[in-house]
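Student: One structure follows; several queries about it will come next.
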Protein chains: 4
Amino acid sequence: MKLWGGRYEVETDNALHHLNRSILFDQRLWKVDLEGSIAWTRELRQAGYLSAEEVSALVEGLRAIMKEWEGGEFQVRESDEDIHSANERRLTELLGEVAGKLHTGRSRNDQVATDERLFLRTEVEQLQGEIRQLQAALIGQAEEGIDLILPGYTHLQQAQPIRWSHWLLQWVWMLERDRERISQAARRANLSPLGAGALAGHSLGADCESAASALGFEHIIPNSLDAVSDRDFILEILADAAILGTHLSRLAEDLILYSTREFGFVRLDPRFTTGSSIMPQKANPDALELARGKSGRLIGNLVTLLVTMKGLPSSYNKDLQEDKEPLLDTLDTLHALLPVLAALIGTLQPQGERMRAALDDALLATDLADYLVRRGLPFRQAHHAVGQAVAIAEKQGISLRELPLDYYQGLQENCDETLYELFDFERSVEGKSGGGGTGRAGVLAQLEAAKKLLE
Amino acid sequence: MKLWGGRYEVETDNALHHLNRSILFDQRLWKVDLEGSIAWTRELRQAGYLSAEEVSALVEGLRAIMKEWEGGEFQVRESDEDIHSANERRLTELLGEVAGKLHTGRSRNDQVATDERLFLRTEVEQLQGEIRQLQAALIGQAEEGIDLILPGYTHLQQAQPIRWSHWLLQWVWMLERDRERISQAARRANLSPLGAGALAGHSLGADCESAASALGFEHIIPNSLDAVSDRDFILEILADAAILGTHLSRLAEDLILYSTREFGFVRLDPRFTTGSSIMPQKANPDALELARGKSGRLIGNLVTLLVTMKGLPSSYNKDLQEDKEPLLDTLDTLHALLPVLAALIGTLQPQGERMRAALDDALLATDLADYLVRRGLPFRQAHHAVGQAVAIAEKQGISLRELPLDYYQGLQENCDETLYELFDFERSVEGKSGGGGTGRAGVLAQLEAAKKLLE
Amino acid sequence: MKLWGGRYEVETDNALHHLNRSILFDQRLWKVDLEGSIAWTRELRQAGYLSAEEVSALVEGLRAIMKEWEGGEFQVRESDEDIHSANERRLTELLGEVAGKLHTGRSRNDQVATDERLFLRTEVEQLQGEIRQLQAALIGQAEEGIDLILPGYTHLQQAQPIRWSHWLLQWVWMLERDRERISQAARRANLSPLGAGALAGHSLGADCESAASALGFEHIIPNSLDAVSDRDFILEILADAAILGTHLSRLAEDLILYSTREFGFVRLDPRFTTGSSIMPQKANPDALELARGKSGRLIGNLVTLLVTMKGLPSSYNKDLQEDKEPLLDTLDTLHALLPVLAALIGTLQPQGERMRAALDDALLATDLADYLVRRGLPFRQAHHAVGQAVAIAEKQGISLRELPLDYYQGLQENCDETLYELFDFERSVEGKSGGGGTGRAGVLAQLEAAKKLLE
Amino acid sequence: MKLWGGRYEVETDNALHHLNRSILFDQRLWKVDLEGSIAWTRELRQAGYLSAEEVSALVEGLRAIMKEWEGGEFQVRESDEDIHSANERRLTELLGEVAGKLHTGRSRNDQVATDERLFLRTEVEQLQGEIRQLQAALIGQAEEGIDLILPGYTHLQQAQPIRWSHWLLQWVWMLERDRERISQAARRANLSPLGAGALAGHSLGADCESAASALGFEHIIPNSLDAVSDRDFILEILADAAILGTHLSRLAEDLILYSTREFGFVRLDPRFTTGSSIMPQKANPDALELARGKSGRLIGNLVTLLVTMKGLPSSYNKDLQEDKEPLLDTLDTLHALLPVLAALIGTLQPQGERMRAALDDALLATDLADYLVRRGLPFRQAHHAVGQAVAIAEKQGISLRELPLDYYQGLQENCDETLYELFDFERSVEGKSGGGGTGRAGVLAQLEAAKKLLE
């Protein structure tokens with residue numbers, strides 16, 4: 001059913017009808033569309049546009065349609081433009097003329113904006129749960145892995161030894177920022193456009209706050225022009241998802257590296273690897289690669305809508321119909337990805353021996369410099385001296401701990417045998433107690449703080 | 001059917017299976033996948049891996065599957081990962097053990113790259129035809145509208161008068177660049193990855209040039225690592241489509257403006273407008289707005305794949321599976337959009353009277369300055385003098401042609417009555433004969449050149 | 001001065017030095033870099049690594065360098081890699097060996113992250129002020145323009161009449177969301193990475209909360225790996241700026257349209273237009289076009305950093321150096337753009353007569369449908385009937401108010417002469433009292449609410 | 001000097017002047033701007049607008065300004081808007097009134113488009129040379145490294161052994177596609193907008209082909225509206241650079257991995273690594289990380305201009321001024337990056353022993369499957385059988401070559417001792433002779449073909 005057409009003597013071009021038609025993707029909004037309509041019937045009643053009987057009939061009809069959708073029985077017709085007209089068409093089939101009263105004072109412009117905000121609310125709740133799930137998996141591994149030490153990297157070169165739990169917990173904090181951002185965005189989105197009409201508000205003599213409240217919104221949007229064309233709330237979720245996507249891509253990158261034969265710090269549970277069509281030996285980290293690769297679409301979806309919004313005249317323009325597909329794709333991507341990552345992390349097998357075997361004495365060069373500082377050398381000189389020691393050891397094919405004491409005393413004369421106590425990775429890690437560092441006490445405190453986030 | 005699994009004792013996690021699964025979108029490649037397999041059987045025959053009977057059986061089986069897809073009868077199974085395994089699974093059902101020989105020396109890595117290049121070839125042909133269709137519609141209007149003159153704008157302020165045909169033809173040239181770019185990209189894509197195997201080539205003792213040639217490729221790709229992970233050909237088409245998208249968005253923007261009540265230079269055929277759900281008077285240019293808005297997804301799809309490719313290790317990575325959806329979406333968007341735009345342009349009703357009524361004398365200010373130049377004033381001074389004249393006329397509420405001769409003689413004393421002959425828009429337009437300008441002869445020549453493009 | 005090099009026997013390649021060198025842009029951080037160092041001296045003192053005298057000397061030296069920067073006298077040397085090494089090099093020149101103690105326990109990795117967060121804090125404050133300035137200008141115009149009525153548009157087709165103030169206030173709400181987003185991002189950024197060292201924390205035996213607090217941070221960042229590689233706070237500001245950019249581009253688009261000769265609803269103050277090098281009559285809205293066009297770089301800068309972050313291994317990587325230029329460009333763009341827009345809006349001359357002259361009876365079609373609804377026709381039928389009336393009037397070349405009463409009575413028999421009272425734009429606007437609508441009382445309430453935002 | 005202003009009584013707002021001003025970046029076009037002006041004087045002479053003396057004077061003046069720029073003596077004034085007005089202002093200072101004749105029939109709109117196309121031409125030549133330089137470095141290493149074998153990876157898991165030269169040559173082909181794309185874009189850009197005037201052409205009575213030809217353009221652009229607002233040539237270069245950027249980021253990613261302690265396949269020359277401010281042992285691959293990270297800005301710059309172009313009205317709009325900064329940044333980025341990468345590759349030290357030590361028997365699993373195929377097993381069954389063998393060997397902690405013959409005969413009874421000849425990486429590599437594979441003969445042929453590209 002078309003919701004318009006009185007002024008037309010000709011049919012819409014068929015190719016345009018198909019270009020225009022959004023029902024194939026916006027049918028995902030069926031439920032919120034019906035909920036919004038139910039709230040609207042009550043608003044119309046209050047304003048005196050519907051009798052109590054009419055409200056009952058309409059609500060019953062709308063609920064019947066909801067059942068049809070729930071049961072998978074709703075029939076989308078070729079002529080249905082979008083979810084709003086499909087639902088109204090069906091209501092007309094069920095109720096006849098009274099269905100035509102439902103659209104009083106309401107436009108598709110405020111209706112679709114209302115639907116989207118309601119839809120987003122549920123989706124965001126699910127998303128937050130999925131993020132928590134991944135945080136929980138990371139925290140679970142961190143609790144078990146507190147004794148494991150592996151090389152920490154900067155520039156992907158061995159830098160300083162760190163705890164495996166420390167590595168795990170970093171992602172929890174990133175994800176927490178994601179959750180906070182999404183939650184603030186959702187709060188900001190929770191205002192009602194219902195009643196803004198096509199662009200200018202409505203003349204029913206009602207303020208729409210009660211419909212807003214019935215739908216769980218905080219208030220109505222103060223300006224009707226803004227109400228019908230604001231898509232900030234989608235842009236913001238897409239931006240938050242793009243940032244989240246960079247986090248997931250980095251987590252994936254690390255784990256892809258760590259599960260190579262060359263690093264070998266983790267094994268993936270075989271249920272989370274896949275094989276090759278030609279190479280029988282392969283166990284590929286597909287899930288992680290997809291987590292890395294799908295950052296592309298999360299960023300691309302954001303760009304899609306930013307470009308669409310750019311330079312649009314104010315108020316409603318048809319271009320805004322392009323907002324739904326990127327939103328749905330981003331949400332679906334995260335809904336599919338996050339649970340797989342949570343399960344993959346939950347079943348990850350850290351390889352403590354490989355981690356320890358990878359630790360090279362050079363990881364302790366900073367500790368050595370710090371030792372010289374404590375013996376009186378300014379840091380910049382100590383740094384330089386240790387740099388030379390590294391070069392010499394490398395040239396001689398020996399390790400830093402194999403350089404003789406007199407070599408070190410040549411750098412700073414009051415060095416003594418205690419210097420060799422430095423060559424202990426556990427001790428090095430324990431020393432890093434400050435600045436959110438990797439010492440056990442600090443990591444345990446971090447762990448406690450992280451667990452509180454999940455409560 | 002899984003194409004792998006010998007080394008596995010456990011089943012793939014179900015959520016991962018679904019995350020991984022590409023059959024829902026890559027089934028669009030069914031035809032080229034089967035064609036590629038048919039070519040591969042011949043390569044295997046040549047290399048002595050298949051008997052003539054086995055080739056016959058396999059080709060017959062592959063053709064039978066093709067018929068199933070054509071007839072809409074192919075059943076995708078829940079366990080099918082992608083189009084390649086679906087087709088191979090079906091072949092095994094039809095032929096039994098011999099089906100297992102088809103994959104000899106071939107990996108999904110070279111197979112999917114082959115499929116994509118074959119698929120792109122057909123799609124690009126269709127796309128080129130659609131662009132031509134739009135060019136033809138513009139040229140058709142340009143032929144009819146050669147007498148119409150409207151204000152030309154810079155900064156959306158009236159600048160100089162131009163021919164309607166001149167306005168129309170600019171888009172033909174933009175589209176021609178698009179066509180050329182796409183055509184060069186398609187040519188560059190026309191190399192065969194078949195035989196590159198997983199990454200390192202194959203050991204069948206065949207060079208694969210004959211399979212390449214049978215599939216219409218120019219050559220095989222010289223390096224097998226590049227062959228399995230190059231996605232430049234998709235990036236390039238996405239980039240070309242994004243640029244094309246900016247052209248369409250600009251064409252749409254102009255026509256949206258020109259069809260407002262305020263400009264009124266064109267009317268859209270009612271078949272190409274749509275109404276409002278609440279405002280009975282509306283006839284909205286939805287098709288144009290979508291043409292403008294969909295530039296968002298065309299740009300977003302490009303970004304999606306650029307991001308996915310960024311920083312990937314060489315050779316095949318699962319991330320590459322993310323290449324298909326942006327490509328399909330971009331192609332589908334253009335296939336839907338271009339024909340509608342062609343039809344809309346073809347039925348556009350230029351409003352010559354509104355165009356003429358909009359012409360303001362100030363459009364001739366440059367001609368006036370040129371007149372003063374011809375009377376001896378350096379251009380920069382003439383420009384300044386006419387600027388002042390415009391300001392004075394505006395202040396007096398009169399038009400430039402209403403300023404008295406002695407005013408103009410005050411600017412350059414040898415001005416005479418012939419100055420007033422300037423105030424003729426037709427004459428002004430005719431004067432612009434150089435530099436691809438808007439004079440009739442030039443526009444007619446342009447028209448001829450444009451028509452030649454379509455031959 | 002290089003901050004490293006002990007292990008090197010050769011000089012860095014010169015071209016690499018230049019590629020690597022960030023001092024040309026990161027010198028913008030000179031002040032916060034010195035402030036961070038001053039805070040760090042106190043932390044080192046507390047941890048017993050510096051004597052009171054050394055602290056005094058260092059602080060005095062750092063303050064002296066600050067003066068040099070303030071006075072434009074600081075000399076950047078060819079060998080300075082970045083702002084951190086430039087400042088440390090200068091400190092060494094001033095103080096000798098003691099300068100080498102400042103870097104104890106601190107890495108450039110935590111230092112640069114600290115600098116950026118401090119820098120952002122000041123920049124965001126300035127930005128918030130600039131947004132307020134633009135809001136104030138809009139509100140100022142809205143207060144003056146409450147009596148002006150112009151056509152409201154959807155799809156850029158005349159839709160319903162609205163108040164000029166209503167149009168103006170929509171932007172205030174968009175900007176308010178921008179401010180809120182930026183403010184939440186800034187709050188989230190206000191944690192201290194100082195003490196995280198290279199990646200693993202430090203071993204000074206201090207917790208760094210006091211340095212954090214001295215620098216005005218809320219807390220230290222809980223995880224040192226996250227501390228050195230988190231760039232969410234920049235991504236988030238870039239995302240907020242990109243969304244803000246879409247708002248500015250839309251505001252600009254409307255005003256570019258409204259200041260055309262064809263719409264004519266506003267005039268720009270001549271101080272905010274520019275002329276043409278060739279067309280003497282032109283007064284171009286360059287400021288608005290730049291506001292529209294610069295949305296490109298605001299979005300591009302966001303993409304730049306999202307791509308850079310994608311797939312990075314955890315902890316610090318040199319790629320992160322790419323974060324500064326997009327941030328600086330985005331901030332500078334907004335600092336330049338917002339004040340010009342505020343001034344342009346503040347001096348805008350609304351053209352009430354042109355607005356009123358543009359109002360067409362068809363803008364009242366919805367009111368007419370609502371009238372029929374109040375007379376008993378279901379809305380959907382009323383909509384259809386009025387659509388036909390519009391078509392008939394158009395065909396007869398008359399206005400809706402010129403259709404005879406019996407025509408309307410044919411639609412709904414109980415229509416009477418009161419129907420013609422509808423054809424009053426003021427009345428129509430007044431009717432739109434609900435849903436954030438355009439009626440005077442509602443707009444005045446909006447205005448009050450908007451003014452409160454500025455307090 | 002302002003090139004306009006006659007109609008203005010007030011000064012441009014100072015903040016707008018600064019927002020508008022492009023001289024700070026477009027002064028890079030000084031040379032091509034002057035060259036374009038010289039060509040234009042000749043066109044004006046031909047059309048009779050200048051005497052021979054005036055041409056001489058103007059050309060001499062323009063050459064004098066060129067010398068000033070070359071010598072670094074040109075003084076940019078605060079009031080100079082852009083390079084065009086700066087040069088014209090200076091010409092007026094030098095020559096007085098006759099300078100005012102130069103702008104006859106020419107607008108900044110066609111002038112800037114001409115400048116950009118000329119500028120691009122030189123830049124692209126330089127860029128092509130830099131790409132060749134990198135290709136040459138890769139080819140040089142490939143010639144030397146033909147005997148080295150390393151693990152080839154898919155999904156970053158060991159897949160099949162490959163030659164080091166094969167790995168190196170893949171990048172040559174990618175870069176060759178980049179060169180071809182850029183070269184086609186440059187060719188397409190080589191048309192002259194000069195004479196298109198503000199938007200509508202000019203009325204000098206000349207066709208401008210001779211000016212076009214004097215500047216080395218193929219032809220003039222056929223449509224003046226297109227001539228002044230087409231920025232496809234910039235978009236296309238930005239897109240080509242973005243794709244090139246993905247190649248460089250992938251090359252960098254591989255080398256960053258291969259130069260880790262864990263992989264160890266290559267060492268970077270110390271001149272191409274840098275140290276840490278805190279960790280004395282570090283030798284970081286900064287150049288590679290920047291090559292990876294700068295893909296961000298290459299993609300971001302493309303997005304910037306795509307967004308700016310989106311939805312622009314046809315013909316010139318001020319938004320187009322936003323085209324220069326992304327173009328300059330992209331070109332400068334590549335000019336800085338490519339030579340460093342070429343030098344880094346040229347001095348790369350492949351570690352043959354580490355490569356060989358990394359080769360694991362599982363890399364030969366496909367060869368084993370192929371062996372079984374040659375003994376009569378269909379590939380799919382052979383694949384499955386070898387997969388099980390891998391699992392069993394892994395469980396027993398042995399290598400595939402350590403499984404006894406009767407195990408293999410259990411898979412396919414006609415296996416014999418020759419099976420164990422498979423466990424030879426050299427032999428495996430040699431077998432991959434087809435499909436652009438990694439066998440010596442194939443790689444040598446590739447090498448020859450690659451060297452021909454450089455001729």
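A note on labels: chains of the structure tokens are A, B, ... as shown, every chain counts residues from 1, and ligands are counted from 1 in their shown order.
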Give me, as a list in words, all polymer residues having an atom no more than 6 Å from range 220-227 of chain B, counting only C-alpha atoms and skipping those fewer than 5 positions away in the same chain.
Tutor: Leu191, Ser192, Pro193, Ala196, Leu199, Ala200, Gly201 and Ser315 of chain B; Gln170, Gly436 and Gly437 of chain D
Student: Hey, could you make a per-residue contact list for chain B against chain D with 6 Å as the cut-off, showing the nearest pair of atoms and its distance in Å to one decimal, counting only C-alpha atoms, sorted by chain and number, as a Markdown table?
Tutor:
| residue | atom | partner | partner_atom | distance |
| --- | --- | --- | --- | --- |
| B:Gly6 | CA | D:Gly387 | CA | 4.1 |
| B:Arg7 | CA | D:Gly387 | CA | 4.1 |
| B:Gly100 | CA | D:Arg380 | CA | 4.7 |
| B:Lys101 | CA | D:Pro378 | CA | 4.8 |
| B:Thr104 | CA | D:Phe379 | CA | 5.5 |
| B:Thr154 | CA | D:Tyr316 | CA | 5.0 |
| B:His155 | CA | D:Asn317 | CA | 4.5 |
| B:Gln170 | CA | D:Asp226 | CA | 5.4 |
| B:Gly195 | CA | D:Gly435 | CA | 4.4 |
| B:Ala196 | CA | D:Gly435 | CA | 4.6 |
| B:Ala200 | CA | D:Gly437 | CA | 5.0 |
| B:Gly201 | CA | D:Gly437 | CA | 3.7 |
| B:His202 | CA | D:Lys432 | CA | 4.7 |
| B:Ser203 | CA | D:Lys432 | CA | 4.5 |
| B:Ala206 | CA | D:Gly434 | CA | 5.7 |
| B:Asp207 | CA | D:Gly434 | CA | 4.7 |
| B:Cys208 | CA | D:Gly435 | CA | 5.9 |
| B:Pro222 | CA | D:Gly436 | CA | 4.7 |
| B:Asn223 | CA | D:Gly436 | CA | 4.5 |
| B:Ser224 | CA | D:Gly436 | CA | 4.8 |
| B:Asp226 | CA | D:Gln170 | CA | 5.4 |
| B:Thr246 | CA | D:Lys310 | CA | 4.9 |
| B:Ser249 | CA | D:Gly311 | CA | 4.8 |
| B:Arg250 | CA | D:Gly311 | CA | 4.6 |
| B:Glu253 | CA | D:Gly311 | CA | 5.7 |
| B:Asp254 | CA | D:Pro313 | CA | 5.5 |
| B:Lys310 | CA | D:Thr246 | CA | 4.9 |
| B:Gly311 | CA | D:Arg250 | CA | 4.6 |
| B:Leu312 | CA | D:Arg250 | CA | 5.2 |
| B:Pro313 | CA | D:Asp254 | CA | 5.5 |
| B:Ser315 | CA | D:Thr154 | CA | 5.9 |
| B:Tyr316 | CA | D:Thr154 | CA | 5.0 |
| B:Asn317 | CA | D:His155 | CA | 4.4 |
| B:Pro378 | CA | D:Lys101 | CA | 4.8 |
| B:Phe379 | CA | D:Lys101 | CA | 5.1 |
| B:Arg380 | CA | D:Gly100 | CA | 4.7 |
| B:His384 | CA | D:Gly6 | CA | 4.1 |
| B:Gly387 | CA | D:Arg7 | CA | 4.1 |
| B:Gln388 | CA | D:Arg7 | CA | 4.4 |
| B:Ala391 | CA | D:Arg7 | CA | 5.0 |
| B:Gly431 | CA | D:Ser203 | CA | 5.0 |
| B:Lys432 | CA | D:Ser203 | CA | 4.5 |
| B:Ser433 | CA | D:Ser203 | CA | 6.0 |
| B:Gly434 | CA | D:Asp207 | CA | 4.7 |
| B:Gly435 | CA | D:Gly195 | CA | 4.4 |
| B:Gly436 | CA | D:Asn223 | CA | 4.5 |
| B:Gly437 | CA | D:Gly201 | CA | 3.7 |
| B:Thr438 | CA | D:Ala200 | CA | 5.6 |
Student: Could those residues be written to a file, using C-alpha atoms, as a tab-separated table (two decimals), in the first residue's frame?
Tutor:
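Heads up, here's the output in selection-v4.tsv:
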chain	number	residue	atom	x	y	z
B	6	GLY	CA	41.47	-34.84	8.35
B	7	ARG	CA	43.61	-33.49	11.15
B	100	GLY	CA	37.45	-35.61	-5.37
B	101	LYS	CA	39.95	-35.36	-8.22
B	104	THR	CA	44.00	-31.54	-7.57
B	154	THR	CA	29.47	29.59	-9.60
B	155	HIS	CA	29.28	29.44	-5.82
B	170	GLN	CA	29.15	18.31	-18.89
B	195	GLY	CA	47.07	-22.59	-10.90
B	196	ALA	CA	48.63	-20.41	-8.23
B	200	ALA	CA	53.24	-21.22	-4.17
B	201	GLY	CA	52.07	-22.44	-7.55
B	202	HIS	CA	51.43	-26.08	-8.35
B	203	SER	CA	53.36	-29.15	-9.33
B	206	ALA	CA	51.42	-27.59	-16.64
B	207	ASP	CA	51.73	-23.87	-17.13
B	208	CYS	CA	48.01	-23.01	-16.85
B	222	PRO	CA	53.29	-13.94	-13.01
B	223	ASN	CA	53.64	-14.47	-9.25
B	224	SER	CA	51.55	-16.97	-7.33
B	226	ASP	CA	50.41	-12.02	-5.68
B	246	THR	CA	30.45	11.86	-6.73
B	249	SER	CA	25.59	13.05	-6.48
B	250	ARG	CA	26.43	16.36	-8.16
B	253	GLU	CA	22.11	17.98	-6.40
B	254	ASP	CA	21.71	20.28	-9.41
B	310	LYS	CA	45.80	-2.33	5.16
B	311	GLY	CA	48.66	-4.05	6.90
B	312	LEU	CA	47.73	-7.59	5.84
B	313	PRO	CA	50.61	-10.05	5.75
B	315	SER	CA	49.70	-14.12	0.58
B	316	TYR	CA	46.24	-15.32	1.50
B	317	ASN	CA	44.60	-14.32	4.79
B	378	PRO	CA	43.00	47.01	-18.84
B	379	PHE	CA	40.90	44.13	-17.62
B	380	ARG	CA	41.62	44.60	-13.95
B	384	HIS	CA	36.67	47.21	-10.84
B	387	GLY	CA	31.84	46.16	-9.91
B	388	GLN	CA	31.06	49.69	-8.88
B	391	ALA	CA	26.77	48.29	-6.65
B	431	GLY	CA	30.17	35.21	-27.67
B	432	LYS	CA	31.52	32.39	-25.52
B	433	SER	CA	32.85	30.45	-28.45
B	434	GLY	CA	36.25	29.49	-27.07
B	435	GLY	CA	37.59	27.20	-24.37
B	436	GLY	CA	34.86	24.58	-24.54
B	437	GLY	CA	32.40	27.42	-24.12
B	438	THR	CA	28.66	27.75	-24.35
Student: Would you please work out which residue, of A:Phe74, A:Ala343, A:Arg90, A:Ile83, is nearest to Leu58 in chain A when using only C-alpha atoms?
Tutor: A:Arg90
Student: Show which residues sit within 8 Å of Leu344 in chain C, as a PyMOL selection string. Count only C-alpha atoms, and ignore same-chain residues fewer than 2 positions away.
Tutor: chain C and resi 268-269+272+340-342+346-348
Student: Among range 170-262 of chain D, which ones does DSSP assign to strand (DSSP E or B) (computed from the backbone)? Answer as a list in words.
Tutor: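 Matching residues for strand (DSSP E or B) in range 170-262 of chain D are Leu191, Ser192, His202, His219 and Ile220 of chain D.
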Student: What does the file look like for those residues with N, CA, C and O atoms, as an mmCIF file, in the first residue's frame?
Tutor:
data_model
loop_
_atom_site.group_PDB
_atom_site.id
_atom_site.type_symbol
_atom_site.label_atom_id
_atom_site.label_comp_id
_atom_site.auth_asym_id
_atom_site.auth_seq_id
_atom_site.Cartn_x
_atom_site.Cartn_y
_atom_site.Cartn_z
ATOM 1 N N LEU D 191 44.760 17.338 -20.084
ATOM 2 C CA LEU D 191 43.924 18.174 -20.945
ATOM 3 C C LEU D 191 43.873 19.566 -20.341
ATOM 4 O O LEU D 191 43.959 19.722 -19.125
ATOM 5 N N SER D 192 43.700 20.546 -21.179
ATOM 6 C CA SER D 192 43.810 21.920 -20.694
ATOM 7 C C SER D 192 42.471 22.572 -20.382
ATOM 8 O O SER D 192 41.588 22.627 -21.233
ATOM 9 N N HIS D 202 35.120 31.614 -23.093
ATOM 10 C CA HIS D 202 35.515 33.022 -23.187
ATOM 11 C C HIS D 202 35.112 33.560 -24.553
ATOM 12 O O HIS D 202 34.699 32.809 -25.441
ATOM 13 N N HIS D 219 44.868 18.304 -25.475
ATOM 14 C CA HIS D 219 43.778 19.078 -26.051
ATOM 15 C C HIS D 219 43.221 19.985 -24.976
ATOM 16 O O HIS D 219 43.608 19.864 -23.816
ATOM 17 N N ILE D 220 42.262 20.813 -25.345
ATOM 18 C CA ILE D 220 41.499 21.499 -24.314
ATOM 19 C C ILE D 220 40.374 20.559 -23.863
ATOM 20 O O ILE D 220 40.031 19.599 -24.544
#
Student: If we count only C-alpha atoms and set the cut-off at 10 Å, which residues sit around range 415-426 of chain C, ignoring sequence neighbours fewer than 4 positions away in its own chain? Please answer as a PyMOL selection string.
Tutor: chain C and resi 147-151+160-163+356+359-365+367-368+371-372+374-375+400-411+430-431+439-440
Student: Hey, what does DSSP flag as helix (DSSP H, G or I) within range 287-380 of chain C? Can you give it to me as an NGL selection string?
Tutor: :C and (287-293 or 295-309 or 318-346 or 352-358 or 361-374 or 379-380)
Student: For each of D:Leu44, D:Glu413, D:Gly72, D:Ser277, take the minimum atom-to-atom distance to His84 in chain C, counting only C-alpha atoms, then give the residue where this is smallest.
Tutor: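 Answer, going by the shortest atom-to-atom distance: D:Ser277.
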Student: So which residues touch range 29-35 of chain B within 8 Å, counting only C-alpha atoms, skipping near sequence neighbours fewer than 2 positions away, as a list of chain:residue names?
Tutor: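 The neighbour list is B:Asp26, B:Gln27, B:Ser37, B:Ile38, B:Ala39, B:Leu62, B:Arg63, B:Met66, B:Trp69, B:Ile83, B:His84, B:Asn87, B:Gln111, B:Val112, B:Asp115, B:Glu116, B:Leu118, B:Phe119, B:Leu215.
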Student: In terms of the shortest atom-to-atom distance over only C-alpha atoms, which of C:Thr260, C:Asp82, C:Glu144, C:Arg179 is closest to Ser165 in chain C?
Tutor: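 Among C:Thr260, C:Asp82, C:Glu144, C:Arg179, it is C:Glu144 that comes nearest to Ser165 in chain C.
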Student: Could you work out how far CA of Gly145 in chain A lies from CA of Phe265 in chain A, giving the answer in Å with one decimal?
Tutor: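 Those two atoms sit 12.2 Å apart.
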